[in-house]
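Source file: coords_37.txt; contents: compact mmCIF, C-alpha atoms.
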```txt
# COMPACT_ATOMS: atom_id res chain seq x y z
CA MET A 259 -101.53 11.21 -3.77
CA ILE A 260 -102.34 8.79 -6.59
CA ASN A 261 -99.85 6.62 -8.40
CA ILE A 262 -100.99 4.30 -11.17
CA GLU A 263 -98.59 2.03 -13.01
CA HIS A 264 -99.10 -0.21 -16.04
CA LEU A 265 -102.79 -0.54 -15.36
CA GLU A 266 -104.86 -2.98 -17.41
CA PHE A 267 -108.60 -3.11 -17.12
CA SER A 268 -111.53 -4.50 -19.05
CA TYR A 269 -115.16 -5.26 -18.28
CA SER A 270 -115.30 -8.05 -20.88
CA LYS A 271 -112.73 -10.44 -22.30
CA GLN A 272 -113.13 -9.15 -25.85
CA ALA A 273 -112.55 -5.45 -25.42
CA LYS A 274 -109.94 -3.92 -23.16
CA LEU A 275 -110.80 -0.51 -21.78
CA LEU A 276 -107.54 0.64 -20.18
CA SER A 277 -104.17 -0.66 -21.24
CA ASN A 278 -100.70 0.01 -19.86
CA MET A 279 -101.94 3.19 -18.24
CA SER A 280 -99.68 5.12 -15.90
CA LEU A 281 -100.64 8.30 -14.08
CA GLN A 282 -99.29 10.32 -11.14
CA ILE A 283 -101.48 12.87 -9.41
CA GLY A 284 -100.33 15.21 -6.66
CA ALA A 285 -102.25 17.12 -3.98
CA GLY A 286 -103.41 20.72 -4.04
CA ARG A 287 -104.68 20.78 -7.58
CA ILE A 288 -107.93 20.57 -9.49
CA HIS A 289 -107.58 18.06 -12.28
CA GLY A 290 -109.92 18.06 -15.25
CA LEU A 291 -110.32 14.55 -16.64
CA LEU A 292 -111.31 14.72 -20.28
CA GLY A 293 -112.03 12.08 -22.88
CA LYS A 294 -114.64 11.07 -25.41
CA ASN A 295 -117.61 8.94 -24.39
CA GLY A 296 -116.64 5.41 -23.47
CA GLU A 297 -112.95 6.14 -23.02
CA GLY A 298 -113.06 4.98 -19.40
CA LYS A 299 -113.10 8.21 -17.41
CA SER A 300 -115.69 6.99 -14.92
CA THR A 301 -113.98 3.61 -14.74
CA LEU A 302 -110.69 5.30 -13.86
CA LEU A 303 -112.41 7.15 -11.01
CA LYS A 304 -113.91 3.86 -9.82
CA LEU A 305 -110.52 2.16 -9.95
CA ILE A 306 -108.94 4.95 -7.90
CA SER A 307 -111.62 4.66 -5.24
CA GLY A 308 -111.71 0.85 -5.13
CA LEU A 309 -115.15 0.33 -6.66
CA VAL A 310 -113.70 -1.86 -9.43
CA PHE A 311 -110.40 -3.74 -9.42
CA PRO A 312 -107.57 -3.73 -11.97
CA ASN A 313 -106.78 -6.84 -14.04
CA GLN A 314 -103.09 -6.01 -13.92
CA GLY A 315 -100.82 -3.21 -12.76
CA THR A 316 -100.85 -1.29 -9.51
CA ILE A 317 -102.83 1.61 -8.06
CA ASP A 318 -101.72 3.49 -4.99
CA THR A 319 -104.31 5.87 -3.55
CA MET A 320 -102.91 7.91 -0.66
CA GLY A 321 -100.63 5.01 0.28
CA PHE A 322 -103.37 2.38 0.12
CA VAL A 323 -104.33 -0.32 -2.36
CA PRO A 324 -107.87 0.81 -3.21
CA ALA A 325 -109.16 -2.74 -3.83
CA LYS A 326 -108.54 -3.51 -0.12
CA ARG A 327 -111.00 -0.74 0.78
CA ASN A 328 -109.22 0.19 3.98
CA PRO A 329 -111.53 2.39 6.10
CA LYS A 330 -108.63 4.80 6.63
CA MET A 331 -108.55 5.34 2.87
CA LEU A 332 -112.32 5.43 2.42
CA GLN A 333 -112.75 8.18 5.04
CA GLU A 334 -110.49 10.37 2.92
CA ILE A 335 -112.33 9.80 -0.39
CA PHE A 336 -115.61 11.15 -1.59
CA PHE A 337 -116.84 10.00 -4.97
CA LEU A 338 -119.72 11.81 -6.64
CA PRO A 339 -121.00 9.48 -9.35
CA GLU A 340 -122.74 10.69 -12.46
CA GLU A 341 -125.77 8.53 -11.74
CA LEU A 342 -126.79 9.42 -8.22
CA PRO A 343 -127.85 6.62 -5.87
CA GLN A 344 -131.54 6.25 -4.98
CA ILE A 345 -131.67 6.81 -1.25
CA THR A 346 -134.95 6.98 0.63
CA LEU A 347 -133.83 9.41 3.30
CA SER A 348 -134.36 13.08 3.98
CA ILE A 349 -131.34 15.38 3.54
CA GLU A 350 -131.17 15.70 7.32
CA ASN A 351 -131.14 11.95 7.88
CA TYR A 352 -128.72 11.35 5.03
CA GLU A 353 -126.30 13.62 6.84
CA LYS A 354 -126.92 11.79 10.14
CA VAL A 355 -126.24 8.40 8.56
CA TYR A 356 -123.37 9.18 6.22
CA ALA A 357 -121.45 12.08 7.80
CA PRO A 358 -119.95 9.93 10.63
CA PHE A 359 -117.94 8.01 8.01
CA TYR A 360 -115.98 11.19 7.31
CA PRO A 361 -114.08 12.44 10.39
CA LYS A 362 -113.48 15.90 8.89
CA PHE A 363 -117.11 16.44 7.86
CA ASP A 364 -118.23 19.97 8.71
CA SER A 365 -121.95 20.34 9.27
CA GLY A 366 -121.88 24.14 9.24
CA GLN A 367 -120.15 24.08 5.89
CA PHE A 368 -122.76 21.64 4.53
CA ASN A 369 -125.57 23.97 5.62
CA ASN A 370 -123.85 26.97 4.04
CA TYR A 371 -123.39 25.17 0.75
CA LEU A 372 -127.03 24.05 0.74
CA LYS A 373 -128.11 27.60 1.43
CA GLU A 374 -125.93 28.88 -1.39
CA PHE A 375 -127.65 26.38 -3.69
CA ASP A 376 -131.08 27.60 -2.46
CA ILE A 377 -131.95 24.31 -0.78
CA GLU A 378 -133.70 25.47 2.36
CA ASN A 379 -135.66 22.47 3.57
CA LYS A 380 -133.44 19.77 5.00
CA LYS A 381 -136.48 17.66 5.83
CA ALA A 382 -137.14 17.11 2.12
CA MET A 383 -136.78 13.52 0.93
CA LEU A 384 -133.92 12.90 -1.50
CA THR A 385 -136.27 10.84 -3.67
CA LYS A 386 -138.64 13.81 -4.02
CA LEU A 387 -135.97 16.17 -5.32
CA SER A 388 -135.32 16.85 -9.00
CA HIS A 389 -132.14 15.48 -10.54
CA GLY A 390 -130.44 18.89 -10.36
CA GLN A 391 -131.44 19.52 -6.75
CA LYS A 392 -130.26 16.09 -5.71
CA LYS A 393 -126.97 16.72 -7.45
CA LYS A 394 -126.61 19.93 -5.47
CA VAL A 395 -127.13 18.07 -2.19
CA PHE A 396 -124.40 15.57 -3.04
CA ILE A 397 -122.00 18.27 -4.26
CA ALA A 398 -122.55 20.19 -1.02
CA PHE A 399 -122.10 17.03 1.02
CA GLY A 400 -118.98 15.99 -0.87
CA LEU A 401 -117.30 19.36 -0.41
CA ALA A 402 -118.25 19.38 3.28
CA THR A 403 -116.65 15.97 3.91
CA ASN A 404 -113.25 17.69 3.56
CA THR A 405 -111.73 14.48 2.31
CA GLN A 406 -108.24 14.65 0.85
CA LEU A 407 -109.52 13.19 -2.38
CA LEU A 408 -112.69 14.37 -4.04
CA LEU A 409 -113.72 12.64 -7.26
CA MET A 410 -116.57 14.16 -9.23
CA ASP A 411 -118.02 12.59 -12.35
CA GLU A 412 -119.77 15.23 -14.47
CA PRO A 413 -120.74 17.40 -11.48
CA THR A 414 -122.25 20.25 -13.50
CA ASN A 415 -124.54 18.04 -15.59
CA GLY A 416 -128.12 18.87 -14.73
CA LEU A 417 -127.28 22.04 -12.79
CA ASP A 418 -129.31 25.10 -13.72
CA ILE A 419 -127.61 28.23 -15.03
CA PRO A 420 -127.13 30.16 -11.76
CA SER A 421 -125.87 27.02 -10.00
CA LYS A 422 -122.83 26.75 -12.23
CA GLY A 423 -121.38 29.98 -10.85
CA GLN A 424 -122.29 28.91 -7.32
CA PHE A 425 -120.57 25.59 -7.94
CA ARG A 426 -117.38 27.38 -9.04
CA ARG A 427 -117.47 29.63 -5.98
CA MET A 428 -117.90 26.65 -3.65
CA VAL A 429 -115.11 24.66 -5.23
CA ALA A 430 -112.82 27.70 -5.10
CA SER A 431 -113.56 28.05 -1.39
CA GLY A 432 -113.31 24.30 -0.75
CA VAL A 433 -109.83 23.55 -2.11
CA ASP A 434 -106.55 23.85 -0.27
CA GLU A 435 -102.98 22.54 -0.58
CA SER A 436 -103.79 19.18 0.96
CA ARG A 437 -106.88 18.44 -1.14
CA CYS A 438 -106.98 16.90 -4.57
CA LEU A 439 -109.98 17.20 -6.85
CA ILE A 440 -110.47 15.17 -9.98
CA ILE A 441 -113.40 16.30 -12.08
CA SER A 442 -114.39 14.36 -15.15
CA THR A 443 -116.36 16.52 -17.52
CA HIS A 444 -117.57 17.31 -21.00
CA GLN A 445 -118.76 20.76 -19.91
CA VAL A 446 -115.35 22.34 -20.19
CA HIS A 447 -116.68 25.89 -20.28
CA ASP A 448 -118.35 25.40 -16.89
CA LEU A 449 -115.03 24.64 -15.30
CA ASP A 450 -112.26 26.24 -17.29
CA SER A 451 -111.51 28.88 -14.67
CA LEU A 452 -111.20 26.19 -11.98
CA ILE A 453 -109.19 23.42 -13.56
CA ASP A 454 -105.43 23.88 -13.25
CA ASN A 455 -104.42 20.48 -14.55
CA ILE A 456 -105.63 18.70 -17.65
CA ILE A 457 -105.69 14.95 -18.14
CA ILE A 458 -106.84 13.61 -21.51
CA MET A 459 -107.71 9.94 -22.04
CA GLU A 460 -107.69 8.41 -25.49
CA LYS A 461 -107.42 4.87 -26.82
CA HIS A 462 -107.04 3.07 -23.50
CA GLU A 463 -104.43 5.40 -22.05
CA ILE A 464 -103.51 8.88 -20.82
CA VAL A 465 -102.28 10.84 -23.83
CA PHE A 466 -101.88 14.20 -22.14
CA HIS A 467 -101.36 15.40 -18.57
CA GLN A 468 -100.10 18.93 -18.00
CA THR A 469 -100.66 21.94 -15.78
CA ILE A 470 -102.46 24.93 -17.31
CA GLU A 471 -99.37 26.98 -16.52
CA ASN A 472 -97.18 24.68 -18.59
CA ILE A 473 -99.72 24.53 -21.41
CA SER A 474 -99.95 28.31 -21.77
CA GLN A 475 -96.16 28.57 -21.75
CA LYS A 476 -95.71 25.98 -24.48
CA LEU A 477 -98.78 26.54 -26.62
CA LEU A 478 -100.40 29.68 -27.95
CA PHE A 479 -104.17 29.87 -28.40
CA ARG A 480 -105.35 32.55 -30.76
CA VAL A 481 -108.03 33.71 -33.15
CA VAL A 482 -106.71 35.04 -36.45
CA ASP A 483 -108.17 36.03 -39.78
CA ARG A 484 -107.92 33.58 -42.62
CA ASN A 485 -104.99 35.32 -44.33
CA ASP A 486 -102.72 34.83 -41.38
CA GLN A 487 -99.94 32.39 -42.14
CA SER A 488 -97.61 30.98 -39.56
CA GLU A 489 -95.44 27.88 -39.63
CA ASN A 490 -96.01 27.31 -35.92
CA VAL A 491 -99.66 26.31 -36.29
CA ILE A 492 -100.38 22.84 -34.94
CA TYR A 493 -104.13 22.75 -35.18
CA SER A 494 -106.74 25.03 -36.66
CA GLU A 495 -110.54 25.25 -36.65
CA ASP A 496 -112.61 27.44 -38.93
CA ASN A 497 -115.06 29.62 -37.09
CA LEU A 498 -117.24 32.68 -37.63
CA ARG A 499 -114.66 34.99 -36.06
CA GLY A 500 -111.77 33.50 -38.00
CA LEU A 501 -109.41 30.64 -37.43
CA TYR A 502 -109.11 29.28 -33.93
CA GLN A 503 -105.56 28.05 -33.70
CA VAL A 504 -103.28 26.16 -31.40
CA CYS A 505 -99.69 27.12 -32.16
CA LYS A 506 -96.30 26.46 -30.71
CA ASN A 507 -95.61 29.29 -28.29
CA THR A 508 -92.41 30.96 -29.44
CA THR A 509 -92.87 34.44 -27.95
CA GLY A 510 -93.49 33.56 -24.32
CA GLU A 511 -96.76 35.48 -24.38
CA GLU A 512 -99.27 33.53 -22.30
CA SER A 513 -102.72 33.12 -23.75
CA LYS A 514 -105.83 31.66 -22.20
CA VAL A 515 -106.02 27.90 -22.64
CA ASP A 516 -109.09 27.07 -24.69
CA ILE A 517 -109.75 23.60 -23.30
CA GLU A 518 -112.11 22.54 -26.06
CA LEU A 519 -109.61 23.50 -28.73
CA LEU A 520 -106.78 21.88 -26.79
CA PHE A 521 -108.76 18.67 -26.51
CA ASN A 522 -109.42 18.51 -30.25
CA ALA A 523 -105.81 19.38 -31.00
CA VAL A 524 -104.51 16.65 -28.70
CA LEU A 525 -106.76 14.02 -30.27
CA GLN A 526 -105.84 14.96 -33.82
CA LYS A 527 -102.17 15.86 -33.43
CA THR A 528 -101.23 13.70 -30.49
CA ASN A 529 -97.59 13.12 -31.39
CA GLN A 530 -96.88 16.65 -32.51
CA ILE A 531 -98.19 17.99 -29.20
CA LYS A 532 -96.39 15.33 -27.18
CA SER A 533 -93.12 16.33 -28.82
CA ILE A 534 -93.52 19.91 -27.54
CA PHE A 535 -93.91 18.91 -23.90
CA MET B 28 -115.77 38.98 -14.15
CA GLU B 29 -115.88 38.58 -17.89
CA PHE B 30 -112.73 36.89 -19.09
CA LYS B 31 -111.23 38.24 -22.27
CA GLU B 32 -110.69 35.49 -24.75
CA THR B 33 -107.00 35.70 -25.37
CA GLN B 34 -105.06 36.47 -22.19
CA ALA B 35 -104.11 33.81 -19.64
CA ILE B 36 -106.52 33.90 -16.70
CA TYR B 37 -103.83 34.77 -14.16
CA LEU B 38 -102.95 37.88 -16.20
CA GLN B 39 -106.63 38.83 -16.43
CA ILE B 40 -106.92 38.62 -12.65
CA GLY B 41 -103.82 40.84 -12.54
CA ASP B 42 -105.57 43.40 -14.73
CA TYR B 43 -108.59 43.25 -12.43
CA ILE B 44 -106.48 43.98 -9.35
CA CYS B 45 -104.61 46.79 -11.14
CA GLU B 46 -107.92 48.33 -12.13
CA GLN B 47 -109.16 48.24 -8.54
CA ILE B 48 -105.99 50.07 -7.50
CA LEU B 49 -106.18 52.66 -10.30
CA LEU B 50 -109.85 53.30 -9.51
CA GLY B 51 -108.87 53.90 -5.90
CA ARG B 52 -110.93 51.02 -4.48
CA TRP B 53 -107.73 49.63 -3.00
CA ASN B 54 -105.37 52.37 -1.96
CA GLU B 55 -101.63 52.31 -1.60
CA GLY B 56 -100.79 50.62 1.68
CA ASP B 57 -104.18 48.82 1.89
CA ARG B 58 -104.47 45.09 2.40
CA ILE B 59 -106.09 43.43 -0.62
CA LEU B 60 -108.40 40.39 -0.58
CA SER B 61 -106.79 37.06 0.28
CA VAL B 62 -106.07 34.40 -2.32
CA ARG B 63 -109.12 32.42 -1.29
CA GLU B 64 -111.47 35.41 -1.02
CA LEU B 65 -110.51 36.55 -4.48
CA GLY B 66 -110.80 32.99 -5.85
CA VAL B 67 -114.35 32.73 -4.51
CA ALA B 68 -115.32 36.23 -5.69
CA LEU B 69 -114.06 35.63 -9.21
CA GLN B 70 -114.95 31.90 -9.31
CA VAL B 71 -111.41 30.87 -10.13
CA ASN B 72 -108.95 28.36 -8.77
CA PRO B 73 -107.04 29.82 -5.78
CA ASN B 74 -103.82 28.42 -7.29
CA THR B 75 -104.36 30.73 -10.26
CA VAL B 76 -104.89 33.71 -7.94
CA MET B 77 -101.68 32.74 -6.14
CA ARG B 78 -99.86 32.92 -9.46
CA THR B 79 -101.30 36.39 -10.07
CA PHE B 80 -100.08 37.53 -6.64
CA GLU B 81 -96.57 36.24 -7.34
CA PHE B 82 -96.62 38.00 -10.69
CA LEU B 83 -97.80 41.34 -9.23
CA GLN B 84 -95.25 40.98 -6.48
CA SER B 85 -92.49 40.65 -9.08
CA LEU B 86 -93.76 43.91 -10.62
CA GLU B 87 -93.71 45.51 -7.13
CA ILE B 88 -97.39 46.38 -7.36
CA ILE B 89 -98.23 44.39 -4.22
CA PHE B 90 -96.09 42.97 -1.43
CA ASN B 91 -96.47 40.21 1.10
CA LYS B 92 -96.46 40.64 4.86
CA ARG B 93 -95.82 37.15 6.12
CA GLY B 94 -98.84 35.76 7.92
CA ILE B 95 -100.93 38.89 7.42
CA GLY B 96 -101.59 39.13 3.71
CA TYR B 97 -100.86 41.09 0.58
CA PHE B 98 -100.70 44.89 0.49
CA VAL B 99 -100.62 47.55 -2.22
CA THR B 100 -97.13 49.08 -2.51
CA ALA B 101 -96.52 52.81 -2.02
CA ASP B 102 -95.92 53.54 -5.70
CA ALA B 103 -98.27 50.89 -7.10
CA LYS B 104 -100.03 53.30 -9.47
CA LEU B 105 -96.79 54.33 -11.16
CA LYS B 106 -95.75 50.70 -11.44
CA ILE B 107 -99.11 49.77 -12.97
CA ILE B 108 -98.87 52.51 -15.57
CA ALA B 109 -95.33 51.42 -16.46
CA TYR B 110 -96.54 47.81 -16.79
CA ARG B 111 -99.53 48.81 -18.90
CA ARG B 112 -97.38 50.95 -21.16
CA LYS B 113 -95.07 48.01 -21.77
CA GLN B 114 -98.09 45.78 -22.46
CA PHE B 115 -99.46 48.33 -24.90
CA ILE B 116 -96.16 48.62 -26.75
CA ASP B 117 -95.55 44.86 -26.84
CA GLN B 118 -99.06 43.63 -27.59
CA ASP B 119 -101.42 46.28 -28.91
CA MET B 120 -99.10 48.36 -31.04
CA PRO B 121 -97.88 45.53 -33.29
CA VAL B 122 -101.52 44.67 -34.07
CA PHE B 123 -102.25 48.33 -34.79
CA PHE B 124 -99.21 48.65 -37.07
CA LYS B 125 -100.11 45.44 -38.86
CA ASN B 126 -103.61 46.77 -39.55
CA ILE B 127 -102.22 50.06 -40.84
CA ASN B 128 -100.07 48.13 -43.29
CA ILE B 129 -102.90 45.85 -44.43
CA LEU B 130 -105.26 48.79 -44.95
CA GLY B 131 -102.58 50.89 -46.65
CA MET B 132 -102.88 53.89 -44.34
CA SER B 133 -100.10 56.45 -44.19
CA MET B 134 -98.56 57.87 -41.02
CA ASP B 135 -99.77 61.33 -42.13
CA GLU B 136 -103.34 60.12 -42.15
CA ILE B 137 -102.90 58.50 -38.73
CA ASN B 138 -101.39 61.72 -37.42
CA GLN B 139 -104.25 63.80 -38.73
CA ARG B 140 -106.85 61.46 -37.32
CA TYR B 141 -105.07 61.42 -33.99
CA ARG B 142 -105.23 65.23 -33.85
CA GLU B 143 -108.94 65.15 -34.72
CA PHE B 144 -109.56 62.55 -32.05
CA ASN B 145 -107.82 64.66 -29.44
CA LYS B 146 -109.82 67.75 -30.50
CA ASN B 147 -113.10 65.83 -30.00
CA GLU B 148 -111.90 64.44 -26.69
CA THR B 149 -111.14 67.90 -25.28
CA ALA B 150 -114.43 69.22 -26.68
CA VAL B 151 -116.28 66.52 -24.77
CA ASN B 152 -114.27 67.14 -21.63
CA ILE B 153 -115.11 70.88 -21.63
```

Output the file's structure as structure tokens, nothing else.
Amino acid sequence: MINIEHLEFSYSKQAKLLSNMSLQIGAGRIHGLLGKNGEGKSTLLKLISGLVFPNQGTIDTMGFVPAKRNPKMLQEIFFLPEELPQITLSIENYEKVYAPFYPKFDSGQFNNYLKEFDIENKKAMLTKLSHGQKKKVFIAFGLATNTQLLLMDEPTNGLDIPSKGQFRRMVASGVDESRCLIISTHQVHDLDSLIDNIIIMEKHEIVFHQTIENISQKLLFRVVDRNDQSENVIYSEDNLRGLYQVCKNTTGEESKVDIELLFNAVLQKTNQIKSIF
Amino acid sequence: MEFKETQAIYLQIGDYICEQILLGRWNEGDRILSVRELGVALQVNPNTVMRTFEFLQSLEIIFNKRGIGYFVTADAKLKIIAYRRKQFIDQDMPVFFKNINILGMSMDEINQRYREFNKNETAVNI
């Protein structure tokens, strides 16, 4: 679905943002894109969708060069940016204007999603909605476009507490084998039951890209008391309940992947973790 | 559903399905929820549910009728108990034994407490 090779990108001449980055992404999965602030997560999403262009290297998005912005590609991509656009239209008119760009847009689905998010009045102006409500409209719209590629930049930021569960339900109902979702996020606990692929960006490149299945087969996540000694420990954090550890999985027992812990472990012990996979 | 901290999510979904069967909410021979329905209900990725179904199929707790869905097998309850017993022996008992060693408890004491526990249990049940 997406094939990136030897990508170079920078906004200014002095500081490069992405360097020699390669990444392959297949369909039918929900990818969590993780990285510290300023690592270039949003930029990567923009590169994939053709909003910014690479300095060097190639990007293939569903068989297209994104920089050419072929309408056949654009009708299969929906990008939910972190900063939502200011659009002076009602929800109803937004749908009328923008839905025709997406041949697989399903109006009934859009209405159901809005209802699930408790947005009843489609005559309401987008500019009059709160940040969270507006976000809900765009999430609902994006899922209803049924595009092959759905890119979401921090979708759960600004959502109220009940909406996070609703969001997970909608995404679970909205994915299928042909769709590919890439969600960049810092709110890993909002999404950890949805993400089945983890991509970690660090120092201009992708340092980690694995399926959850593979991660839980190779690594063991556990909480132990402070007396517990094991030579397989890769990374450890002290916590109220004991030590939160990432270990090499030698028993084959599959534990739940603690994404936050994994992220910290990958940043601190990059090479040790790379050598396991 | 509240996810336990330690077990992989697909195994936790497996436990959930087994519990539904043991509680008699899904009976032997019944069709269970589809991958997507269960994904939505539990707010998890349908791919993860699919993995659970494959896993339960390998344990012969559910089976697939092509194009129709997944069904509870005729002896699912027996299979679940066998699976749980194995889980208990492999996962819970080592932790229990480790604790006994750390706390310096003898098997006699454990035995005695086990008998007391059973006495209380039957007292409550009567």

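Distances from A:Asn490, A:Val355, A:Cys438, A:Ser431 to Val62 (chain B) were compared using all atoms listed in the file, and the smallest one belongs to A:Ser431.
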
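Near chain A, within 7 Å and counting all atoms listed in the file, the residues of chain B are Glu32, Thr33, Gln34, Ala35, Ile36, Arg63, Gly66, Val67, Ala68, Gln70, Val71, Asn72 and Pro73 of chain B.
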
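Each of B:Lys125, B:Gly51, B:Tyr37, B:Arg112 was checked against Asn74 (chain B) using all atoms listed in the file; the smallest atom-to-atom distance is that of B:Tyr37.
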
Between A:Asp418, A:Glu263, A:Glu460, A:Asp486, which one has atoms that come closest to Ile283 (chain A), using only C-alpha atoms?
A:Glu263

Interatomic distance, CA of Pro413 (chain A) to CA of Ser388 (chain A) (Å, one decimal):
14.8 Å

Could you tell me how far CA of Gly296 (chain A) lies from CA of Asp411 (chain A), in Å and to one decimal?
13.3 Å

So, counting only C-alpha atoms, which residue among A:Ile517, A:Val323, A:Leu309, A:Leu384 is closest to Ile260 (chain A)?
A:Val323

Around region 436-452 of chain A, fit a box with edges along x, y and z, padding it by 8 Å on each side, then list its centre and edge lengths in Å to one decimal as lines of an AutoDock Vina configuration file.
```
center_x = -111.3
center_y = 21.6
center_z = -10.0
size_x = 31.0
size_y = 30.5
size_z = 38.0
```

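The point (-101.3, 49.5, 0.8) has these residues within 7 Å of it, counting all atoms listed in the file: B:Asn54, B:Glu55, B:Gly56, B:Asp57, B:Arg58, B:Phe98, B:Val99, B:Thr100, B:Ala101.
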
Nearest candidate to Asn91 (chain B) (options B:Ile127, B:Ala109, B:Ile59, B:Val122; using all atoms listed in the file):
B:Ile59

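The space between CA of Met459 (chain A) and CA of Pro343 (chain A) spans 26.0 Å.
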
Report as number ranges by chain all protein, DNA and RNA residues lying within 10 Å of Ile44 (chain B), evaluated on only C-alpha atoms, omitting residues in the same chain fewer than 6 positions from it.
B: 38, 50, 52-53, 59-60, 65, 79-80, 83, 88-89, 99

Of B:Met77, B:Leu130, B:Leu105, B:Ile40, the one sitting nearest Ser61 (chain B) when using only C-alpha atoms is B:Met77

At a cut-off of 12 Å around the point (-107.1, 0.6, -8.7) (file coordinates), what residues fall inside when counting only C-alpha atoms? I'd like the answer as a ChimeraX atom specification.
/A:260-267,276,279-281,301-327
